[in-house]
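**Q** My structure file start15.txt, compact mmCIF, C-alpha atoms, is below:
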# COMPACT_ATOMS: atom_id res chain seq x y z
CA MET A 159 -88.42 53.25 29.44
CA ALA A 160 -87.29 52.28 32.79
CA GLU A 161 -85.70 54.60 35.16
CA VAL A 162 -83.52 53.66 38.11
CA SER A 163 -82.77 55.97 40.94
CA ILE A 164 -79.78 55.45 43.20
CA GLY A 165 -78.97 57.92 45.98
CA GLY A 166 -81.09 60.61 44.43
CA ILE A 167 -79.61 60.25 41.01
CA SER A 168 -81.76 58.77 38.35
CA PHE A 169 -80.47 56.80 35.43
CA LYS A 170 -82.31 56.20 32.22
CA GLY A 171 -81.67 53.89 29.20
CA GLY A 172 -78.12 54.54 27.77
CA LYS A 173 -76.66 55.67 31.08
CA MET A 174 -77.89 52.51 32.67
CA MET A 175 -76.24 50.37 30.04
CA ALA A 176 -72.97 52.26 30.50
CA ILE A 177 -73.12 51.74 34.25
CA ILE A 178 -73.82 48.02 33.78
CA LEU A 179 -70.88 47.79 31.41
CA VAL A 180 -68.58 49.62 33.83
CA LEU A 181 -69.72 47.48 36.74
CA SER A 182 -69.31 44.21 34.79
CA SER A 183 -65.84 45.31 33.58
CA ALA A 184 -64.87 46.21 37.15
CA VAL A 185 -66.11 42.83 38.41
CA GLY A 186 -64.16 41.05 35.57
CA ALA A 187 -61.02 43.05 36.37
CA LEU A 188 -61.32 42.24 40.06
CA TYR A 189 -61.87 38.55 39.27
CA GLY A 190 -58.80 38.52 36.96
CA GLY A 191 -56.74 40.29 39.65
CA PHE A 192 -57.76 37.79 42.29
CA GLU A 193 -56.91 34.87 39.96
CA MET A 194 -53.49 36.41 39.24
CA TYR A 195 -52.90 36.95 42.95
CA LYS A 196 -53.89 33.32 43.65
CA ARG A 197 -51.48 32.05 40.98
CA PHE A 198 -48.75 34.30 42.36
CA GLN A 199 -49.35 32.86 45.83
CA ASP A 200 -49.26 29.30 44.47
CA MET A 201 -46.01 30.06 42.56
CA SER A 202 -44.43 31.61 45.67
CA ALA A 203 -45.36 28.55 47.70
CA ALA A 204 -43.91 26.26 45.01
CA ILE A 205 -40.69 28.32 44.89
CA GLU A 206 -40.36 28.27 48.66
CA ALA A 207 -41.01 24.53 48.71
CA TYR A 208 -38.42 23.89 45.93
CA GLN A 209 -35.34 22.03 47.09
CA GLU A 210 -32.24 21.94 45.01
CA PRO A 211 -31.61 18.37 43.78
CA ASP A 212 -28.62 16.52 45.14
CA LEU A 213 -26.13 16.51 42.25
CA SER A 214 -23.22 15.27 44.32
CA GLY A 215 -23.52 11.87 42.66
CA PHE A 216 -23.06 13.51 39.27
CA ASP A 217 -20.16 15.54 40.62
CA LYS A 218 -18.54 12.34 41.91
CA LYS A 219 -19.08 10.60 38.57
CA ILE A 220 -17.69 13.59 36.69
CA ALA A 221 -14.65 13.70 39.00
CA LEU A 222 -14.15 9.93 38.52
CA VAL A 223 -14.42 10.24 34.72
CA GLU A 224 -12.05 13.22 34.77
CA SER A 225 -9.51 11.35 36.92
CA GLN A 226 -9.75 8.26 34.68
CA THR A 227 -9.40 10.43 31.60
CA GLN A 228 -6.43 12.24 33.12
CA ALA A 229 -4.85 8.90 34.03
CA GLN A 230 -5.38 7.62 30.48
CA ILE A 231 -3.93 10.83 29.05
CA GLU A 232 -0.88 10.48 31.31
CA LEU A 233 -0.49 6.82 30.31
CA VAL A 234 -0.75 7.66 26.60
CA SER A 235 1.70 10.53 27.13
CA GLN A 236 4.17 8.18 28.84
CA GLN A 237 3.77 5.64 26.04
CA LEU A 238 4.29 8.35 23.42
CA ASN A 239 7.39 9.57 25.23
CA ALA A 240 8.72 6.00 25.41
CA LEU A 241 8.03 5.51 21.70
CA LYS A 242 9.64 8.86 20.94
CA SER A 243 12.79 7.91 22.86
CA GLU A 244 12.87 4.49 21.14
CA LEU A 245 12.46 6.14 17.75
CA GLU A 246 15.26 8.58 18.57
CA ILE A 247 17.52 5.65 19.50
CA ILE A 248 16.56 3.80 16.31
CA LEU A 249 17.15 6.92 14.22
CA GLY A 250 20.55 7.35 15.89
CA GLU A 251 21.42 3.75 15.07
CA ILE A 252 20.24 4.22 11.49
CA ASP A 253 22.39 7.34 11.22
CA LEU A 254 25.39 5.42 12.60
CA ILE A 255 24.78 2.55 10.17
CA SER A 256 24.48 5.06 7.35
CA GLN A 257 27.78 6.69 8.30
CA VAL A 258 29.53 3.32 8.59
CA SER A 259 28.14 2.19 5.24
CA ARG A 260 29.29 5.46 3.63
CA GLU A 261 32.75 4.98 5.10
CA LEU A 262 32.81 1.35 3.90
CA LYS A 263 31.68 2.45 0.45
CA ASP A 264 34.38 5.11 0.33
CA ASP A 265 36.99 2.61 1.57
CA LEU A 266 35.84 0.07 -1.04
CA LYS A 267 36.04 2.71 -3.77
CA THR A 268 39.55 3.64 -2.63
CA ASP A 269 40.60 -0.03 -2.48
CA LEU A 270 39.01 -0.67 -5.89
CA ARG A 271 40.82 2.31 -7.43
CA SER A 272 44.06 1.13 -5.82
CA MET A 273 43.47 -2.38 -7.17
CA GLU A 274 42.69 -0.97 -10.62
CA GLY A 275 45.96 0.95 -10.47
CA ASP A 276 47.78 -2.21 -9.38
CA VAL A 277 46.13 -4.21 -12.16
CA ARG A 278 47.14 -1.55 -14.71
CA HIS A 279 50.70 -1.60 -13.35
CA ILE A 280 50.82 -5.42 -13.44
CA THR A 281 49.32 -5.34 -16.94
CA GLU A 282 52.02 -2.89 -18.01
CA ILE A 283 54.68 -5.13 -16.48
CA VAL A 284 53.22 -8.24 -18.17
CA ASN A 285 52.96 -6.41 -21.49
CA ASP A 286 56.53 -5.16 -21.09
CA VAL A 287 57.72 -8.68 -20.24
CA GLU A 288 55.80 -10.05 -23.25
CA ASP A 289 57.28 -7.36 -25.48
CA ARG A 290 60.80 -8.13 -24.19
CA GLN A 291 60.15 -11.86 -24.55
CA LYS A 292 58.94 -11.34 -28.13
CA GLU A 293 61.93 -9.12 -28.83
CA ASP A 294 64.27 -11.69 -27.26
CA THR A 295 62.59 -14.43 -29.28
CA ARG A 296 63.05 -12.38 -32.47
CA GLU A 297 66.66 -11.71 -31.56
CA LEU A 298 67.21 -15.40 -30.84
CA LEU A 299 65.56 -16.35 -34.12
CA ASP A 300 67.66 -13.77 -35.94
CA GLU A 301 70.80 -15.06 -34.20
CA LEU A 302 69.78 -18.64 -35.00
CA LYS A 303 69.33 -17.65 -38.65
CA LEU A 304 72.72 -15.97 -38.61
CA ILE A 305 74.26 -19.00 -36.93
CA GLU A 306 72.49 -21.29 -39.38
CA GLU A 307 73.60 -19.18 -42.34
CA ASN A 308 77.10 -19.00 -40.90
CA LEU A 309 77.06 -22.76 -40.33
CA ASP A 310 75.73 -23.34 -43.83
CA LEU A 311 78.45 -21.12 -45.19
CA GLN A 312 81.15 -22.95 -43.23
CA ILE A 313 79.73 -26.31 -44.26
CA ASN A 314 79.64 -25.19 -47.88
CA LYS A 315 83.21 -23.90 -47.58
CA ALA A 316 84.32 -27.10 -46.04
CA LEU A 317 82.53 -29.14 -48.64
CA ASN A 318 83.67 -26.99 -51.50
CA ASN A 319 87.26 -27.07 -50.31
CA PRO A 320 89.26 -28.86 -52.90
CA LEU A 321 91.23 -30.50 -50.19
CA SER A 322 88.26 -32.25 -48.70
CA ASN A 323 87.27 -34.06 -51.88
CA MET A 324 83.60 -33.37 -51.24
CA SER A 325 81.22 -31.16 -53.06
CA ALA A 326 78.12 -29.46 -51.82
CA LYS A 327 75.14 -28.34 -53.66
CA THR A 328 74.92 -24.60 -53.79
CA LYS A 329 71.80 -22.83 -53.70
Give the structure from this file in structure tokens form.

**A**
Amino acid sequence: MAEVSIGGISFKGGKMMAIILVLSSAVGALYGGFEMYKRFQDMSAAIEAYQEPDLSGFDKKIALVESQTQAQIELVSQQLNALKSELEIILGEIDLISQVSRELKDDLKTDLRSMEGDVRHITEIVNDVEDRQKEDTRELLDELKLIEENLDLQINKALNNPLSNMSAKTK
């Protein structure tokens, strides 16, 4: 086996392998550390070189859209208020028309009831006049019969009077 001597210390077989492993691990760790440090330096340079983008154009566009939207909202609000006031006026007119039509209906009902009462009264008067006329007609007919009977009786008396030399047929 081979023996290596460094600074008065000699290393044989397994110790030598362990030293090689430690040295290679140390070299790998140092290499990794340097790579990390290099990346850190590159990242720092990139961060320092970074400039914030100019978003003022977007801000202006957003402000313009917001102002246009606000203007449209105000316009729609004004239109809605105008429609609301028009609808309130129309509803007021409808209410007035409804009240007037109710009053007209009530007046018509009152007039109709009054007319019905008048018609009943006139009907009663006409019926009364008809009844009186019928009664008068009956009385006249009865009087005419009495007059006719009385006349017949007088005619018969006159005809049956021996002084008149006439005779009448008796019933």

**Q** One decimal, Å: what's the distance from CA of Met273 (chain A) over to CA of Glu261 (chain A), could you say?

**A**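 It comes out at 17.9 Å.
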
**Q** Which distance in Å separates CA of Ala316 (chain A) and CA of Lys303 (chain A), to one decimal?

**A**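 Rounded to one decimal, the two atoms are 19.2 Å apart.
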
**Q** CA of Ser182 (chain A) to CA of Phe198 (chain A): how many Å, to one decimal?

**A** 24.0 Å

**Q** For region 285-296 of chain A, which lacks atoms in the input, supply all heavy atoms and format the output as a short mmCIF file (atom, residue, chain, number, x, y, z; two decimals), in the frame of the given file.

**A**
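The new file result_36.cif reads:
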data_model
loop_
_atom_site.label_atom_id
_atom_site.label_comp_id
_atom_site.auth_asym_id
_atom_site.auth_seq_id
_atom_site.Cartn_x
_atom_site.Cartn_y
_atom_site.Cartn_z
N ASN A 285 52.81 -6.80 -20.09
CA ASN A 285 52.96 -6.41 -21.49
C ASN A 285 54.42 -6.13 -21.82
O ASN A 285 54.93 -6.51 -22.89
CB ASN A 285 52.10 -5.18 -21.82
CG ASN A 285 50.63 -5.51 -21.86
OD1 ASN A 285 50.24 -6.67 -22.04
ND2 ASN A 285 49.79 -4.51 -21.71
N ASP A 286 55.11 -5.45 -20.89
CA ASP A 286 56.53 -5.16 -21.09
C ASP A 286 57.34 -6.45 -21.16
O ASP A 286 58.21 -6.61 -22.04
CB ASP A 286 57.03 -4.27 -19.95
CG ASP A 286 58.42 -3.74 -20.20
OD1 ASP A 286 58.70 -3.34 -21.34
OD2 ASP A 286 59.22 -3.71 -19.23
N VAL A 287 57.02 -7.39 -20.23
CA VAL A 287 57.72 -8.68 -20.24
C VAL A 287 57.42 -9.42 -21.55
O VAL A 287 58.32 -10.01 -22.17
CB VAL A 287 57.33 -9.53 -19.00
CG1 VAL A 287 57.77 -10.97 -19.16
CG2 VAL A 287 57.89 -8.92 -17.74
N GLU A 288 56.15 -9.39 -21.99
CA GLU A 288 55.80 -10.05 -23.25
C GLU A 288 56.55 -9.41 -24.41
O GLU A 288 57.06 -10.12 -25.30
CB GLU A 288 54.28 -9.96 -23.49
CG GLU A 288 53.47 -10.92 -22.67
CD GLU A 288 51.97 -10.77 -22.94
OE1 GLU A 288 51.54 -9.79 -23.59
OE2 GLU A 288 51.22 -11.65 -22.49
N ASP A 289 56.57 -8.05 -24.40
CA ASP A 289 57.28 -7.36 -25.48
C ASP A 289 58.76 -7.75 -25.47
O ASP A 289 59.35 -8.03 -26.53
CB ASP A 289 57.12 -5.84 -25.35
CG ASP A 289 55.71 -5.36 -25.65
OD1 ASP A 289 54.93 -6.15 -26.23
OD2 ASP A 289 55.38 -4.21 -25.28
N ARG A 290 59.38 -7.75 -24.28
CA ARG A 290 60.80 -8.13 -24.19
C ARG A 290 61.01 -9.58 -24.62
O ARG A 290 61.98 -9.90 -25.31
CB ARG A 290 61.30 -7.92 -22.77
CG ARG A 290 61.67 -6.47 -22.53
CD ARG A 290 62.45 -6.31 -21.25
NE ARG A 290 61.52 -5.76 -20.25
CZ ARG A 290 61.57 -5.99 -18.96
NH1 ARG A 290 62.50 -6.76 -18.47
NH2 ARG A 290 60.70 -5.45 -18.16
N GLN A 291 60.04 -10.45 -24.19
CA GLN A 291 60.15 -11.86 -24.55
C GLN A 291 60.02 -12.02 -26.06
O GLN A 291 60.77 -12.78 -26.68
CB GLN A 291 59.06 -12.66 -23.81
CG GLN A 291 59.16 -14.15 -23.95
CD GLN A 291 58.31 -14.68 -25.09
OE1 GLN A 291 57.34 -14.07 -25.50
NE2 GLN A 291 58.70 -15.82 -25.63
N LYS A 292 59.10 -11.27 -26.67
CA LYS A 292 58.94 -11.34 -28.13
C LYS A 292 60.20 -10.81 -28.81
O LYS A 292 60.68 -11.39 -29.80
CB LYS A 292 57.72 -10.53 -28.57
CG LYS A 292 56.42 -11.21 -28.26
CD LYS A 292 55.24 -10.33 -28.69
CE LYS A 292 53.92 -10.94 -28.28
NZ LYS A 292 52.78 -10.08 -28.63
N GLU A 293 60.72 -9.71 -28.26
CA GLU A 293 61.93 -9.12 -28.83
C GLU A 293 63.10 -10.10 -28.68
O GLU A 293 63.88 -10.31 -29.63
CB GLU A 293 62.24 -7.80 -28.13
CG GLU A 293 63.37 -7.04 -28.76
CD GLU A 293 63.60 -5.71 -28.07
OE1 GLU A 293 62.60 -5.04 -27.71
OE2 GLU A 293 64.78 -5.36 -27.86
N ASP A 294 63.20 -10.70 -27.48
CA ASP A 294 64.27 -11.69 -27.26
C ASP A 294 64.10 -12.88 -28.19
O ASP A 294 65.10 -13.40 -28.74
CB ASP A 294 64.28 -12.17 -25.81
CG ASP A 294 64.76 -11.12 -24.82
OD1 ASP A 294 65.34 -10.12 -25.29
OD2 ASP A 294 64.56 -11.30 -23.60
N THR A 295 62.85 -13.31 -28.37
CA THR A 295 62.59 -14.43 -29.28
C THR A 295 63.01 -14.06 -30.70
O THR A 295 63.63 -14.87 -31.41
CB THR A 295 61.10 -14.82 -29.24
OG1 THR A 295 60.75 -15.15 -27.90
CG2 THR A 295 60.80 -16.00 -30.14
N ARG A 296 62.66 -12.83 -31.13
CA ARG A 296 63.05 -12.38 -32.47
C ARG A 296 64.58 -12.34 -32.58
O ARG A 296 65.15 -12.77 -33.60
CB ARG A 296 62.46 -10.99 -32.75
CG ARG A 296 61.06 -11.05 -33.28
CD ARG A 296 60.61 -9.68 -33.79
NE ARG A 296 59.26 -9.44 -33.29
CZ ARG A 296 58.90 -8.53 -32.41
NH1 ARG A 296 59.77 -7.67 -31.97
NH2 ARG A 296 57.67 -8.44 -32.01
#
